[in-house]
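Worksheet: the structure to be examined is printed underneath.
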There are 2 protein chains.
Amino acid sequence: MKNVVAGVDIGGTNTVFGLVDKSGKVLAESHLKTTDFPEVTNFVKALGSGIRNMMKGQKDVELMGVGIGAPDANFHRGTIEHAPNLAWKGIVPLADLVKKEVKVPVVVTNDANAAAMGEMVFGGAKNMKDFIILTLGTGLGSGIVVDGKMVYGHTGFAGEVGHITVVPGGRECGCGRKGCLEQYASATGLVKTVSMMISEMREESILRDIPPSKLTSKQIAEACAKGDPIAVKAMEYTAEKLGFGIVNSIVYTSPEAIFLFGGLAQAGEMLFKPVRDYLKKNNYVLFKNTVKILPSGIPESNGAVLGAAALILNELS
Amino acid sequence: MKNVVAGVDIGGTNTVFGLVDKSGKVLAESHLKTTDFPEVTNFVKALGSGIRNMMKGQKDVELMGVGIGAPDANFHRGTIEHAPNLAWKGIVPLADLVKKEVKVPVVVTNDANAAAMGEMVFGGAKNMKDFIILTLGTGLGSGIVVDGKMVYGHTGFAGEVGHITVVPGGRECGCGRKGCLEQYASATGLVKTVSMMISEMREESILRDIPPSKLTSKQIAEACAKGDPIAVKAMEYTAEKLGFGIVNSIVYTSPEAIFLFGGLAQAGEMLFKPVRDYLKKNNYVLFKNTVKILPSGIPESNGAVLGAAALILNELS
């Protein structure tokens, strides 16, 4: 018998889940449409039967546990709480519900914390004790690891680096405040910055021909690679704000590395180089040259499933 | 035989040290003038004989270890590194030197981390797992505790909250950058803010009659208590900047409490109330009403010695 775990990534639209062994090999993967389940109890049943179906497809495997990454998830309480992007309102005791369905241990945390666990167990942070991962997607999520342990804090919600204020009085944030890091250093933030640059700069740009609502960070990165002046400026501005956020983050836990993950991080060196340059100039003196800025060592394609699997593997060990 | 430890607080001018038992009782206290010892080896000898003298004054006590709080101290390496306010230049292997002198375990950390240990072992954080202490003196020091453990980070220098940028392009900081929190939320910062308010406001104030170089945070707090308009405005501004720094700090480790310690914290409710009000309005939604803003539970007078004693007690246990 081979021990496996299930890693589940619940997103606003889709839920991806897979069977993962201890080496980080994804043996099977499947998915559900989250929006098909207005009732969480029906979702849990569908997830349970999905996992059982995957198990049937494998020879001699035993399910040891289930790890779940989900928006607004609380590790301490095993809940999803007031998630604006899910139909399940209020406080959802997800870990308990899934546990009753699958009869093995279940842990939940938010997707960025799951990504951090994935990085630590299977990725670039295997030999690190102190690091931070920033997931630069629609928003900016973060997971903080101190002395080899995930930081959950008193509430279970620790690690919301996307909501430090980097521009007092700046862009409106979904949290009701202004100038949060995620309004600048995320795929969405980069798109907003292009709109800003279009208003401020005179240069020609193919980005002027795309409606902002259709524009993606990938298109901007491609334009940047071709030297489009608006895209280049927007990427520089994004890197500067991200660098500012990183410099302000380093003083808390003095990490060995900051991993960048998610859509915006796909821009690669166009983003990483100016961020590193910013740190060289602006990092607090005690931390100069002590922090690596690294791409995630987990493939984007199954990062979420691996992260959730790492979460439960870590809990079981 | 009664087990005791020595707590040592090395400051730029004075070094205070004391014998402390496990209950936090200071059995004896003594001091040295740090500036009398341009050579660290001579300082260590004097400290050793000072501790031995204190031991002789006690009946049936055994020294179990020595904890030291010092500026720019590195817990991992047991060193003081490039401390601008000490005569001992470069990297000083202080823990090793003292260990050779006293023949018991020795640990060092910076003074704010020692204050955090004091708070956890003897003070208001006895039953807390996640908290932050901010020491508001000449500068702003900080100690961060996560899940019951001091955060030292990859470098051993973690917890430099005084050096987050709260006013981009703001006041010059000793670290070579601008707008660091400690330039606003410290005793020195409050004095600078009074100068700013004097330049901007028309109101009468007794603070206009004191040279800025002689002005203390205590005088400002006293003027504030009497309703002096400049002092009141300066305290509000200070609380706002401190509140901003605290709100940005909470997202990292989600602490149960923020303790305020040191000269500026002596202003009491004149400072604490507007900070709490700031949090009510501006704290990130997930952390609203989850964080207490508290005065330190350790008396200012022997806080440094108790903190250093707590550091070694924690290490021995």
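Residues are referred to by chain and number: the chain letter is A, B, ... according to the order shown in the structure tokens, the number counts from 1 in that chain, and ligands are numbered separately from 1 in the order shown.
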
Compile the contact shell of Asn74 in chain A as a PyMOL selection string: residues with an atom at most 9 Å away, counting only C-alpha atoms, same-chain residues fewer than 6 positions apart removed. chain A and resi 80-81+108-110+152+155-157

Please save N, CA and C atoms of the selected residues as a PDB file, in the first residue's frame.
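Dumped everything to part09.pdb:
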ATOM      1  N   ILE A  80     -13.897  28.529   6.490  1.00  0.00           N
ATOM      2  CA  ILE A  80     -13.832  29.636   5.536  1.00  0.00           C
ATOM      3  C   ILE A  80     -14.749  30.715   6.111  1.00  0.00           C
ATOM      4  N   GLU A  81     -14.256  31.950   6.194  1.00  0.00           N
ATOM      5  CA  GLU A  81     -15.038  32.975   6.890  1.00  0.00           C
ATOM      6  C   GLU A  81     -15.318  34.183   6.002  1.00  0.00           C
ATOM      7  N   VAL A 108      -7.303  23.067   6.590  1.00  0.00           N
ATOM      8  CA  VAL A 108      -7.496  24.117   5.584  1.00  0.00           C
ATOM      9  C   VAL A 108      -6.608  25.310   5.927  1.00  0.00           C
ATOM     10  N   THR A 109      -6.240  26.038   4.913  1.00  0.00           N
ATOM     11  CA  THR A 109      -5.602  27.341   5.114  1.00  0.00           C
ATOM     12  C   THR A 109      -5.833  28.151   3.847  1.00  0.00           C
ATOM     13  N   ASN A 110      -5.415  29.422   3.851  1.00  0.00           N
ATOM     14  CA  ASN A 110      -5.657  30.167   2.616  1.00  0.00           C
ATOM     15  C   ASN A 110      -4.662  29.751   1.534  1.00  0.00           C
ATOM     16  N   TYR A 152       0.602  31.596  11.554  1.00  0.00           N
ATOM     17  CA  TYR A 152      -0.847  31.760  11.489  1.00  0.00           C
ATOM     18  C   TYR A 152      -1.342  32.883  12.403  1.00  0.00           C
ATOM     19  N   THR A 155      -5.123  35.021  15.270  1.00  0.00           N
ATOM     20  CA  THR A 155      -6.425  34.832  14.629  1.00  0.00           C
ATOM     21  C   THR A 155      -6.457  33.647  13.671  1.00  0.00           C
ATOM     22  N   GLY A 156      -5.270  33.207  13.197  1.00  0.00           N
ATOM     23  CA  GLY A 156      -5.230  32.205  12.129  1.00  0.00           C
ATOM     24  C   GLY A 156      -5.197  32.821  10.742  1.00  0.00           C
ATOM     25  N   PHE A 157      -5.235  34.158  10.674  1.00  0.00           N
ATOM     26  CA  PHE A 157      -5.268  34.868   9.389  1.00  0.00           C
ATOM     27  C   PHE A 157      -3.962  35.604   9.074  1.00  0.00           C
TER      28      PHE A 157
END

Which neighbours of range 265-273 of chain B fall inside 8 Å, counting only C-alpha atoms, when residues of the same chain fewer than 2 positions from it are skipped, and could you give them as a VMD selection string? chain B and resid 136 218 221 224 to 225 235 to 236 238 to 239 260 to 263 275 to 277 293 to 295

Neighbouring residues of Asp36 in chain B were defined as those with any atom within 12 Å, considering only C-alpha atoms; residues of the same chain fewer than 2 positions away were excluded. Please report them as a PyMOL selection string. chain B and resi 12-15+31-34+38-40+42-44+46+86-88

Could you save those same residues with C-alpha atoms as a short mmCIF file (atom, residue, chain, number, x, y, z; two decimals), in the first residue's frame?
data_model
loop_
_atom_site.label_atom_id
_atom_site.label_comp_id
_atom_site.auth_asym_id
_atom_site.auth_seq_id
_atom_site.Cartn_x
_atom_site.Cartn_y
_atom_site.Cartn_z
CA GLY B 12 25.67 53.37 24.90
CA THR B 13 26.37 55.19 28.15
CA ASN B 14 25.52 52.86 31.04
CA THR B 15 25.35 49.13 31.62
CA HIS B 31 26.00 49.16 37.01
CA LEU B 32 29.04 50.12 35.00
CA LYS B 33 29.75 53.11 32.83
CA THR B 34 29.98 51.56 29.34
CA PRO B 38 37.08 51.50 25.18
CA GLU B 39 38.24 47.85 25.08
CA VAL B 40 35.53 45.21 25.28
CA ASN B 42 38.20 45.12 29.99
CA PHE B 43 34.45 45.62 30.03
CA VAL B 44 33.90 41.86 30.19
CA ALA B 46 34.59 44.33 35.01
CA LEU B 86 29.36 51.72 21.26
CA ALA B 87 33.15 52.16 21.25
CA TRP B 88 33.62 48.48 20.33
#

Rows by chain and residue number, chain B within 6 Å of chain A, shortest pair, only C-alpha atoms, as CSV:
residue,atom,partner,partner_atom,distance
B:Asp130,CA,A:His154,CA,5.8
B:Gly153,CA,A:Ser254,CA,4.7
B:His154,CA,A:Pro255,CA,5.5
B:Ala158,CA,A:Ser254,CA,4.8
B:Gly159,CA,A:Tyr252,CA,4.6
B:Glu160,CA,A:Val251,CA,4.9
B:Ile164,CA,A:Asn248,CA,5.0
B:Asn248,CA,A:Ile164,CA,5.0
B:Val251,CA,A:Glu160,CA,4.9
B:Tyr252,CA,A:Gly159,CA,4.6
B:Thr253,CA,A:Ala158,CA,4.9
B:Ser254,CA,A:Gly153,CA,4.7
B:Pro255,CA,A:His154,CA,5.5
B:Glu256,CA,A:His154,CA,5.5

Store the residues picked out above, limited to C-alpha atoms, as a PDB file, in the first residue's frame.
ATOM      1  CA  ASP B 130       1.577  35.985  19.513  1.00  0.00           C
ATOM      2  CA  GLY B 153      14.945  35.319  11.343  1.00  0.00           C
ATOM      3  CA  HIS B 154      17.613  34.161   8.947  1.00  0.00           C
ATOM      4  CA  ALA B 158      14.555  40.246  12.741  1.00  0.00           C
ATOM      5  CA  GLY B 159      12.138  42.757  14.246  1.00  0.00           C
ATOM      6  CA  GLU B 160      13.242  46.193  13.037  1.00  0.00           C
ATOM      7  CA  ILE B 164       9.418  50.584   7.953  1.00  0.00           C
ATOM      8  CA  ASN B 248       0.802  47.716   8.765  1.00  0.00           C
ATOM      9  CA  VAL B 251      -0.964  41.882   8.855  1.00  0.00           C
ATOM     10  CA  TYR B 252       2.344  40.005   9.170  1.00  0.00           C
ATOM     11  CA  THR B 253       1.924  38.026  12.383  1.00  0.00           C
ATOM     12  CA  SER B 254      -1.641  38.782  13.553  1.00  0.00           C
ATOM     13  CA  PRO B 255      -0.664  39.436  17.184  1.00  0.00           C
ATOM     14  CA  GLU B 256      -3.049  39.250  20.124  1.00  0.00           C
TER      15      GLU B 256
END

Would you please give, as a ChimeraX atom specification, all residues of range 13-261 of chain B that DSSP assigns to alpha helix (DSSP H) based on the backbone? /B:40-56,94-102,111-122,187-200,217-225,229-253

Can you list, as JSON, numbers by chain, every residue of range 9-246 of chain A that DSSP puts in strand (DSSP E)? {"A": [9, 10, 14, 15, 16, 17, 18, 19, 20, 21, 26, 27, 28, 29, 30, 31, 32, 33, 61, 62, 63, 64, 65, 66, 67, 68, 69, 73, 74, 79, 80, 81, 91, 92, 106, 107, 108, 109, 131, 132, 133, 134, 135, 136, 140, 141, 142, 143, 144, 145, 146, 149, 150]}

Write to file, as a compact mmCIF listing (two decimals), in the first residue's frame, the residues of the selection just made, with N, CA and C atoms.
# COMPACT_ATOMS: atom_id res chain seq x y z
N ASP A 9 -7.63 22.74 -4.07
CA ASP A 9 -7.56 24.20 -4.17
C ASP A 9 -8.91 24.74 -4.58
N ILE A 10 -9.56 25.41 -3.62
CA ILE A 10 -10.89 25.97 -3.90
C ILE A 10 -10.74 27.40 -4.37
N ASN A 14 -13.35 27.77 -10.00
CA ASN A 14 -13.04 26.34 -10.11
C ASN A 14 -12.38 25.79 -8.85
N THR A 15 -12.57 24.51 -8.62
CA THR A 15 -11.87 23.79 -7.57
C THR A 15 -11.06 22.68 -8.24
N VAL A 16 -9.76 22.68 -7.97
CA VAL A 16 -8.89 21.65 -8.52
C VAL A 16 -8.45 20.77 -7.38
N PHE A 17 -8.41 19.45 -7.61
CA PHE A 17 -7.91 18.58 -6.55
C PHE A 17 -7.14 17.42 -7.16
N GLY A 18 -6.20 16.90 -6.38
CA GLY A 18 -5.37 15.83 -6.90
C GLY A 18 -4.87 14.91 -5.81
N LEU A 19 -4.42 13.72 -6.22
CA LEU A 19 -3.76 12.79 -5.30
C LEU A 19 -2.26 12.99 -5.44
N VAL A 20 -1.60 13.10 -4.31
CA VAL A 20 -0.17 13.41 -4.32
C VAL A 20 0.54 12.45 -3.38
N ASP A 21 1.70 11.92 -3.83
CA ASP A 21 2.45 11.07 -2.91
C ASP A 21 3.50 11.90 -2.16
N VAL A 26 2.16 14.16 -8.53
CA VAL A 26 0.70 14.23 -8.65
C VAL A 26 0.23 13.00 -9.44
N LEU A 27 -0.45 12.07 -8.76
CA LEU A 27 -0.84 10.80 -9.38
C LEU A 27 -2.11 10.96 -10.21
N ALA A 28 -2.96 11.87 -9.81
CA ALA A 28 -4.21 12.09 -10.54
C ALA A 28 -4.72 13.47 -10.21
N GLU A 29 -5.45 14.05 -11.14
CA GLU A 29 -5.99 15.38 -10.88
C GLU A 29 -7.40 15.48 -11.44
N SER A 30 -8.24 16.25 -10.79
CA SER A 30 -9.61 16.41 -11.26
C SER A 30 -10.11 17.80 -10.85
N HIS A 31 -11.33 18.12 -11.23
CA HIS A 31 -11.83 19.44 -10.85
C HIS A 31 -13.35 19.49 -10.78
N LEU A 32 -13.80 20.51 -10.10
CA LEU A 32 -15.23 20.80 -9.97
C LEU A 32 -15.43 22.27 -10.29
N LYS A 33 -16.64 22.62 -10.71
CA LYS A 33 -16.94 24.03 -10.86
C LYS A 33 -17.52 24.52 -9.53
N VAL A 61 -3.41 2.20 -3.07
CA VAL A 61 -3.09 3.45 -2.40
C VAL A 61 -4.03 3.64 -1.21
N GLU A 62 -3.53 4.32 -0.17
CA GLU A 62 -4.36 4.61 0.99
C GLU A 62 -4.35 6.12 1.24
N LEU A 63 -5.55 6.70 1.40
CA LEU A 63 -5.65 8.14 1.63
C LEU A 63 -5.35 8.45 3.10
N MET A 64 -4.33 9.30 3.34
CA MET A 64 -3.93 9.61 4.72
C MET A 64 -4.55 10.91 5.23
N GLY A 65 -4.90 11.79 4.30
CA GLY A 65 -5.46 13.06 4.76
C GLY A 65 -5.75 13.97 3.58
N VAL A 66 -6.43 15.07 3.88
CA VAL A 66 -6.79 16.03 2.84
C VAL A 66 -6.36 17.43 3.28
N GLY A 67 -5.62 18.11 2.40
CA GLY A 67 -5.24 19.51 2.65
C GLY A 67 -6.02 20.40 1.70
N ILE A 68 -6.52 21.51 2.22
CA ILE A 68 -7.35 22.39 1.39
C ILE A 68 -6.84 23.83 1.46
N GLY A 69 -6.60 24.40 0.30
CA GLY A 69 -6.34 25.84 0.22
C GLY A 69 -7.59 26.52 -0.27
N ALA A 73 -9.61 31.32 4.41
CA ALA A 73 -9.65 30.13 5.25
C ALA A 73 -8.87 30.36 6.53
N ASN A 74 -9.36 29.81 7.62
CA ASN A 74 -8.73 29.95 8.92
C ASN A 74 -8.18 28.59 9.37
N THR A 79 -12.06 26.79 9.14
CA THR A 79 -13.24 27.42 8.54
C THR A 79 -12.88 28.27 7.32
N ILE A 80 -13.90 28.53 6.49
CA ILE A 80 -13.83 29.64 5.54
C ILE A 80 -14.75 30.71 6.11
N GLU A 81 -14.26 31.95 6.19
CA GLU A 81 -15.04 32.98 6.89
C GLU A 81 -15.32 34.18 6.00
N ILE A 91 -19.70 31.84 8.27
CA ILE A 91 -18.58 31.00 8.70
C ILE A 91 -18.89 29.54 8.33
N VAL A 92 -18.08 28.98 7.44
CA VAL A 92 -18.29 27.62 6.94
C VAL A 92 -17.28 26.67 7.59
N VAL A 106 -8.29 16.41 8.04
CA VAL A 106 -8.43 17.48 7.04
C VAL A 106 -7.93 18.79 7.65
N VAL A 107 -7.09 19.50 6.91
CA VAL A 107 -6.71 20.86 7.34
C VAL A 107 -6.97 21.83 6.21
N VAL A 108 -7.30 23.07 6.59
CA VAL A 108 -7.50 24.12 5.58
C VAL A 108 -6.61 25.31 5.93
N THR A 109 -6.24 26.04 4.91
CA THR A 109 -5.60 27.34 5.11
C THR A 109 -5.83 28.15 3.85
N PHE A 131 11.32 32.24 5.25
CA PHE A 131 11.07 32.81 3.92
C PHE A 131 9.64 33.34 3.85
N ILE A 132 9.40 34.09 2.79
CA ILE A 132 8.06 34.62 2.52
C ILE A 132 7.73 34.31 1.07
N ILE A 133 6.49 33.91 0.80
CA ILE A 133 6.06 33.77 -0.59
C ILE A 133 4.98 34.82 -0.84
N LEU A 134 5.10 35.48 -1.98
CA LEU A 134 4.07 36.44 -2.40
C LEU A 134 3.43 35.87 -3.66
N THR A 135 2.13 35.71 -3.64
CA THR A 135 1.42 35.20 -4.81
C THR A 135 0.77 36.39 -5.51
N LEU A 136 1.30 36.69 -6.71
CA LEU A 136 0.92 37.90 -7.43
C LEU A 136 -0.07 37.55 -8.52
N LEU A 140 -2.87 40.09 -4.09
CA LEU A 140 -1.54 39.70 -3.63
C LEU A 140 -1.71 38.94 -2.31
N GLY A 141 -1.46 37.63 -2.39
CA GLY A 141 -1.52 36.80 -1.18
C GLY A 141 -0.12 36.59 -0.65
N SER A 142 -0.02 36.17 0.61
CA SER A 142 1.32 35.91 1.14
C SER A 142 1.29 34.82 2.20
N GLY A 143 2.39 34.10 2.27
CA GLY A 143 2.60 33.11 3.32
C GLY A 143 3.95 33.37 3.95
N ILE A 144 3.99 33.38 5.26
CA ILE A 144 5.23 33.70 5.97
C ILE A 144 5.66 32.49 6.78
N VAL A 145 6.89 32.05 6.58
CA VAL A 145 7.43 30.93 7.36
C VAL A 145 8.57 31.45 8.24
N VAL A 146 8.47 31.17 9.53
CA VAL A 146 9.48 31.59 10.50
C VAL A 146 10.02 30.34 11.21
N LYS A 149 8.30 27.14 10.48
CA LYS A 149 6.87 26.98 10.73
C LYS A 149 6.05 28.09 10.08
N MET A 150 4.91 27.70 9.55
CA MET A 150 3.96 28.65 9.00
C MET A 150 3.49 29.61 10.10

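Going from CA of Gly303 in chain B to CA of Ser186 in chain B covers 17.6 Å.
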
Which distance in Å separates CA of Lys56 in chain A and CA of Ala115 in chain A, to one decimal? 27.5 Å
